[in-house]
Amino acid sequence: MNDFKILIVDDEAPQREILSGFLEKKKFHTKQARNVATALAFLKADHFDLIFTDFRMPGGTGVELLQEVKMNNPETAVVLMTAFGTIEGAVAAMKAGAYDYLTKPVDLEEVLLLIRRAAERRNLISENRLLKEQLAGRYSFEGIVSQSGAMQGVLSTAVRVAQSRASVLIRGESGTGKELIARAIHFNSERKTKPFLAVNCAALNENLLESELFGHEKGAFTGAEKARRGRFELADGGTLFLDEIGDISLPVQVKLLRVLQEQQFERVGGSESIRVDVRMLAATNKNLEQMIARGAFREDLLYRLNVVTINIPPLRDRRDDIAPLLESALERFSAENGSKKVAFSREAWNHLLRYDYPGNVRELENIIQRAVVLSRGEFITTEELPPSVQSLKPEQDIAESSGHLTLPERVERLEKEMVTEALRISGNNQSKAAAALGISERNLRYKLRKWGVK
């Protein structure tokens, strides 16, 4: 813990010297201040992990220093020391935000134990901050791989709705990335520092789902040996994402509607109303309108859920995204497998571009992960691809997997694939790619701008 910095604040020099000398021998970095003003000056010039401060000093008390630290250096732990150790003083200090409370003369072994705890706290704070930064980066809109016009429209809507408090209903087939969009909305909203909790409604029966969402009181049902908070309470101030909302039973839909309308609910088996501030994001791959027609879904709940609706098209309808998704998945899974450097063979690449991916992005990622694991050389070949992809023969025309397209659309699709392949082979060198394609570099850049390819 050589990087652990400690500030000792006490108007009595002998007390400062004893504590500082002991800690310096233990290889800690310490600094001494004789009053609150000097301590605040040190805090402006440097960062400290822990402060030991006397409770009573001329020109300012330890509690006043604590209050200043909490406003300007909230991650710094403050320990109050006093010769007037009383329960009332300890309670007041802890309420004011003190990390701990010591009575003079301080027990030096107790000081060491307290420092170790404070160091663990600092490490947890650092890890938590790093995790949040990684999550924010991972779920940024810029980090979502897409270049098709359809997905650009989806992201444009998501960016605009992120800063609002509106409920959002995300619709699309299984595997299209509905939860990814939901997380991006949360981590780009004012709630990003608060919890994001996801619940797969299809994975739980009615009773379990109700308890999962709203919590339960002790004895509410067989096996409820103690009270439990539900996801709504745990997500207070943040975002709750309900996936497969079409699988929720009608009784649970009634309780869900009340939360959306009034921001309050009761636990299962309870009578006390609990108020929360939770933003609701929901997703489904079902036709909720058809479910309403047959009485399986509440119309008023749908209106509450889809203040804003985001429709994510299936991958087969945005084929421009297939190539960049393949490259992104290959890079990610290669890194996860010990930086195993592999590339697609031309034949495997053509097969992967032609495949329709009925399981959408999730299936694409599973195919590439499998291929990376099974590959034996520098290239992924058709042998590492599943039978459904292998069955697409090289001589098949791309139009066979998209018979609904017009001739100009088919030609443009083939042109995009040839350009993508040329850029891949050339390592994204536009001059080399243009030469390989037999067109000018200016023409290539025009096409890339036209397709919105960065």
# chains A, B, ... in the order shown; residues from 1 in each chain; ligands from 1
$ residues_around --residues "Thr76 (chain A)" --least-positions-apart "3" --cutoff "6 Å" --atoms "only C-alpha atoms" --output "PyMOL selection string"
chain A and resi 49-50+73
$ residues_around --residues "Trp451 (chain A)" --least-positions-apart "5" --cutoff "10 Å" --atoms "only C-alpha atoms" --output "count of residues only"
8
$ select_by_dssp --residues "region 366-449 of chain A" --states "alpha helix (DSSP H)" --output "ChimeraX atom specification"
/A:366-374,387-390,407-425,430-437,441-449
$ write_last_selection --atoms "N, CA and C atoms" --output "CSV table (one decimal), in the first residue's frame"
chain,number,residue,atom,x,y,z
A,366,ASN,N,-22.7,-16.6,-32.5
A,366,ASN,CA,-22.5,-18.0,-32.1
A,366,ASN,C,-21.7,-18.7,-33.2
A,367,ILE,N,-22.1,-18.5,-34.5
A,367,ILE,CA,-21.4,-19.1,-35.6
A,367,ILE,C,-19.9,-18.7,-35.6
A,368,ILE,N,-19.6,-17.5,-35.4
A,368,ILE,CA,-18.2,-17.0,-35.4
A,368,ILE,C,-17.4,-17.5,-34.2
A,369,GLN,N,-18.1,-17.5,-33.1
A,369,GLN,CA,-17.4,-18.1,-31.9
A,369,GLN,C,-17.0,-19.5,-32.1
A,370,ARG,N,-18.0,-20.3,-32.6
A,370,ARG,CA,-17.7,-21.7,-32.9
A,370,ARG,C,-16.6,-21.9,-33.9
A,371,ALA,N,-16.6,-21.0,-34.9
A,371,ALA,CA,-15.6,-21.2,-36.0
A,371,ALA,C,-14.2,-20.8,-35.5
A,372,VAL,N,-14.1,-19.8,-34.6
A,372,VAL,CA,-12.8,-19.4,-34.0
A,372,VAL,C,-12.3,-20.6,-33.2
A,373,VAL,N,-13.1,-21.2,-32.4
A,373,VAL,CA,-12.7,-22.3,-31.5
A,373,VAL,C,-12.3,-23.5,-32.3
A,374,LEU,N,-13.0,-23.8,-33.4
A,374,LEU,CA,-12.7,-25.0,-34.2
A,374,LEU,C,-11.6,-24.8,-35.2
A,387,PRO,N,-23.7,-26.7,-40.7
A,387,PRO,CA,-24.2,-27.2,-41.9
A,387,PRO,C,-25.2,-26.3,-42.6
A,388,SER,N,-25.9,-25.5,-41.9
A,388,SER,CA,-26.9,-24.6,-42.5
A,388,SER,C,-26.2,-23.5,-43.3
A,389,VAL,N,-25.0,-23.2,-43.0
A,389,VAL,CA,-24.2,-22.2,-43.7
A,389,VAL,C,-23.4,-22.9,-44.8
A,390,GLN,N,-22.9,-24.1,-44.6
A,390,GLN,CA,-22.1,-24.8,-45.6
A,390,GLN,C,-23.0,-25.2,-46.8
A,407,LEU,N,-34.0,-5.9,-59.5
A,407,LEU,CA,-32.7,-6.1,-60.2
A,407,LEU,C,-31.7,-5.0,-59.7
A,408,PRO,N,-32.0,-3.7,-59.7
A,408,PRO,CA,-31.1,-2.7,-59.3
A,408,PRO,C,-30.6,-2.9,-57.8
A,409,GLU,N,-31.6,-3.4,-57.0
A,409,GLU,CA,-31.2,-3.6,-55.6
A,409,GLU,C,-30.3,-4.8,-55.5
A,410,ARG,N,-30.5,-5.8,-56.3
A,410,ARG,CA,-29.6,-7.0,-56.2
A,410,ARG,C,-28.2,-6.6,-56.7
A,411,VAL,N,-28.1,-5.8,-57.8
A,411,VAL,CA,-26.9,-5.4,-58.3
A,411,VAL,C,-26.1,-4.5,-57.2
A,412,GLU,N,-26.8,-3.6,-56.6
A,412,GLU,CA,-26.2,-2.8,-55.5
A,412,GLU,C,-25.7,-3.6,-54.4
A,413,ARG,N,-26.5,-4.7,-54.0
A,413,ARG,CA,-26.0,-5.5,-52.9
A,413,ARG,C,-24.8,-6.3,-53.3
A,414,LEU,N,-24.7,-6.8,-54.5
A,414,LEU,CA,-23.5,-7.5,-54.9
A,414,LEU,C,-22.3,-6.6,-55.0
A,415,GLU,N,-22.6,-5.3,-55.4
A,415,GLU,CA,-21.5,-4.3,-55.5
A,415,GLU,C,-21.0,-4.0,-54.1
A,416,LYS,N,-21.9,-3.9,-53.1
A,416,LYS,CA,-21.4,-3.6,-51.8
A,416,LYS,C,-20.6,-4.8,-51.2
A,417,GLU,N,-21.0,-6.0,-51.5
A,417,GLU,CA,-20.2,-7.1,-51.0
A,417,GLU,C,-18.8,-7.2,-51.7
A,418,MET,N,-18.8,-6.9,-52.9
A,418,MET,CA,-17.5,-6.9,-53.6
A,418,MET,C,-16.6,-5.8,-53.0
A,419,VAL,N,-17.1,-4.6,-52.8
A,419,VAL,CA,-16.4,-3.5,-52.2
A,419,VAL,C,-15.9,-3.9,-50.8
A,420,THR,N,-16.8,-4.5,-50.0
A,420,THR,CA,-16.5,-4.9,-48.6
A,420,THR,C,-15.3,-5.9,-48.6
A,421,GLU,N,-15.4,-6.9,-49.5
A,421,GLU,CA,-14.4,-7.9,-49.6
A,421,GLU,C,-13.1,-7.3,-50.0
A,422,ALA,N,-13.1,-6.4,-51.0
A,422,ALA,CA,-11.8,-5.7,-51.4
A,422,ALA,C,-11.2,-5.0,-50.3
A,423,LEU,N,-12.0,-4.2,-49.5
A,423,LEU,CA,-11.5,-3.5,-48.4
A,423,LEU,C,-10.9,-4.4,-47.3
A,424,ARG,N,-11.6,-5.5,-47.1
A,424,ARG,CA,-11.1,-6.5,-46.1
A,424,ARG,C,-9.8,-7.1,-46.5
A,425,ILE,N,-9.6,-7.5,-47.8
A,425,ILE,CA,-8.4,-8.1,-48.2
A,425,ILE,C,-7.2,-7.0,-48.2
A,430,GLN,N,-7.9,2.0,-49.1
A,430,GLN,CA,-8.9,2.4,-50.2
A,430,GLN,C,-8.2,2.4,-51.6
A,431,SER,N,-6.9,2.8,-51.6
A,431,SER,CA,-6.2,2.8,-52.9
A,431,SER,C,-6.1,1.4,-53.5
A,432,LYS,N,-5.6,0.5,-52.6
A,432,LYS,CA,-5.5,-0.9,-53.1
A,432,LYS,C,-6.8,-1.5,-53.4
A,433,ALA,N,-7.8,-1.3,-52.6
A,433,ALA,CA,-9.2,-1.8,-52.9
A,433,ALA,C,-9.7,-1.3,-54.2
A,434,ALA,N,-9.5,0.0,-54.5
A,434,ALA,CA,-10.0,0.5,-55.8
A,434,ALA,C,-9.3,-0.1,-56.9
A,435,ALA,N,-8.0,-0.3,-56.8
A,435,ALA,CA,-7.2,-0.9,-57.9
A,435,ALA,C,-7.7,-2.3,-58.1
A,436,ALA,N,-8.0,-3.1,-57.0
A,436,ALA,CA,-8.4,-4.5,-57.2
A,436,ALA,C,-9.8,-4.5,-57.8
A,437,LEU,N,-10.6,-3.6,-57.6
A,437,LEU,CA,-12.0,-3.5,-58.1
A,437,LEU,C,-12.0,-3.0,-59.6
A,441,GLU,N,-10.1,5.5,-57.1
A,441,GLU,CA,-10.3,5.7,-55.7
A,441,GLU,C,-11.4,6.7,-55.4
A,442,ARG,N,-11.5,7.7,-56.2
A,442,ARG,CA,-12.6,8.7,-56.1
A,442,ARG,C,-13.9,8.1,-56.2
A,443,ASN,N,-14.1,7.2,-57.1
A,443,ASN,CA,-15.4,6.5,-57.3
A,443,ASN,C,-15.7,5.6,-56.1
A,444,LEU,N,-14.6,5.0,-55.6
A,444,LEU,CA,-14.8,4.1,-54.4
A,444,LEU,C,-15.3,5.0,-53.2
A,445,ARG,N,-14.7,6.1,-53.0
A,445,ARG,CA,-15.1,7.0,-51.9
A,445,ARG,C,-16.5,7.5,-52.1
A,446,TYR,N,-16.9,7.8,-53.3
A,446,TYR,CA,-18.2,8.2,-53.6
A,446,TYR,C,-19.2,7.1,-53.2
A,447,LYS,N,-18.9,5.9,-53.5
A,447,LYS,CA,-19.8,4.8,-53.2
A,447,LYS,C,-19.9,4.6,-51.7
A,448,LEU,N,-18.8,4.7,-51.0
A,448,LEU,CA,-18.8,4.6,-49.5
A,448,LEU,C,-19.6,5.7,-48.9
A,449,ARG,N,-19.5,6.9,-49.4
A,449,ARG,CA,-20.3,8.0,-48.8
A,449,ARG,C,-21.8,7.8,-49.1
$ residues_around --residues "Arg304 (chain A)" --least-positions-apart "3" --cutoff "8 Å" --atoms "only C-alpha atoms" --output "PyMOL selection string"
chain A and resi 167+257+260-261+300-301+307
$ atom_distance --atom1 "CA of Asn360 (chain A)" --atom2 "CA of Gly175 (chain A)"
5.1 Å
$ select_by_dssp --residues "region 166-396 of chain A" --states "strand (DSSP E or B)" --output "MDAnalysis selection string"
chainID A and resid 168:171 196:200 216 228 239:243 264:265 268 274:275 279:284 308:311 343:344 379:380
$ atom_distance --atom1 "CA of Phe141 (chain A)" --atom2 "CA of Leu180 (chain A)"
9.6 Å
$ residues_around --residues "region 221-238 of chain A" --least-positions-apart "4" --cutoff "7 Å" --atoms "only C-alpha atoms" --output "list of chain:residue names"
A:Arg191, A:Lys194, A:Pro195, A:Phe196, A:Leu197, A:Ser211, A:Glu212, A:Leu213, A:Phe214, A:Gly215, A:His216, A:Glu217, A:Val276, A:Asp277, A:Val278, A:Arg279
$ atom_distance --atom1 "CA of Ala283 (chain A)" --atom2 "CA of Ala158 (chain A)"
13.6 Å
$ residues_around --residues "Gly153 (chain A)" --least-positions-apart "6" --cutoff "12 Å" --atoms "only C-alpha atoms" --output "list in words"
Ser146, Gln147, Val159, Arg160, Ile310, Asn311, Ile312, Pro313 and Arg318 of chain A
$ residues_around --residues "Ile6 (chain A)" --least-positions-apart "2" --cutoff "8 Å" --atoms "only C-alpha atoms" --output "MDAnalysis selection string"
chainID A and resid 4 8 28:31 48:52
$ closest_residue --among "A:Glu206, A:Met94, A:Met280, A:Thr82" --to "Gln263 (chain A)" --atoms "only C-alpha atoms"
A:Met280
$ residues_around --residues "Ala348 (chain A)" --least-positions-apart "3" --cutoff "12 Å" --atoms "only C-alpha atoms" --output "list in words"
Leu326, Ala343, Phe344, Ser345, His351, Leu352, Leu353, Arg354, Tyr355, Ile367, Ile368, Ala371, Ser375, Phe379, Ile380, Thr381, Thr382, Glu383, Glu384, Leu385, Pro386, Val389, Gln390, Ser391, Leu392, Lys393, Pro394 and Glu421 of chain A
$ decode --residues "region 230-264 of chain A" --atoms "C-alpha atoms" --output "tab-separated table (two decimals), in the first residue's frame"
chain	number	residue	atom	x	y	z
A	230	GLY	CA	-38.04	-6.98	-5.83
A	231	ARG	CA	-36.44	-5.59	-8.97
A	232	PHE	CA	-38.49	-2.39	-8.83
A	233	GLU	CA	-37.04	-1.52	-5.43
A	234	LEU	CA	-33.52	-2.52	-6.45
A	235	ALA	CA	-33.74	-0.42	-9.63
A	236	ASP	CA	-34.95	2.71	-7.81
A	237	GLY	CA	-33.48	5.75	-9.56
A	238	GLY	CA	-32.38	3.62	-12.51
A	239	THR	CA	-33.84	1.54	-15.31
A	240	LEU	CA	-35.77	-1.74	-15.37
A	241	PHE	CA	-35.74	-3.69	-18.63
A	242	LEU	CA	-38.51	-6.27	-19.06
A	243	ASP	CA	-37.65	-8.64	-21.88
A	244	GLU	CA	-40.38	-10.73	-23.54
A	245	ILE	CA	-43.12	-8.62	-21.98
A	246	GLY	CA	-45.71	-10.46	-24.07
A	247	ASP	CA	-45.28	-13.49	-21.79
A	248	ILE	CA	-46.57	-11.70	-18.66
A	249	SER	CA	-49.87	-13.01	-17.28
A	250	LEU	CA	-52.92	-10.72	-17.03
A	251	PRO	CA	-52.86	-10.46	-13.19
A	252	VAL	CA	-49.20	-9.33	-13.25
A	253	GLN	CA	-50.03	-6.92	-16.09
A	254	VAL	CA	-52.52	-5.19	-13.77
A	255	LYS	CA	-49.86	-4.60	-11.10
A	256	LEU	CA	-47.37	-3.51	-13.74
A	257	LEU	CA	-49.83	-0.97	-15.10
A	258	ARG	CA	-50.23	0.55	-11.63
A	259	VAL	CA	-46.47	0.98	-11.25
A	260	LEU	CA	-46.30	2.75	-14.60
A	261	GLN	CA	-49.20	5.04	-13.69
A	262	GLU	CA	-48.45	5.78	-10.04
A	263	GLN	CA	-44.82	4.71	-9.50
A	264	GLN	CA	-45.85	2.67	-6.47
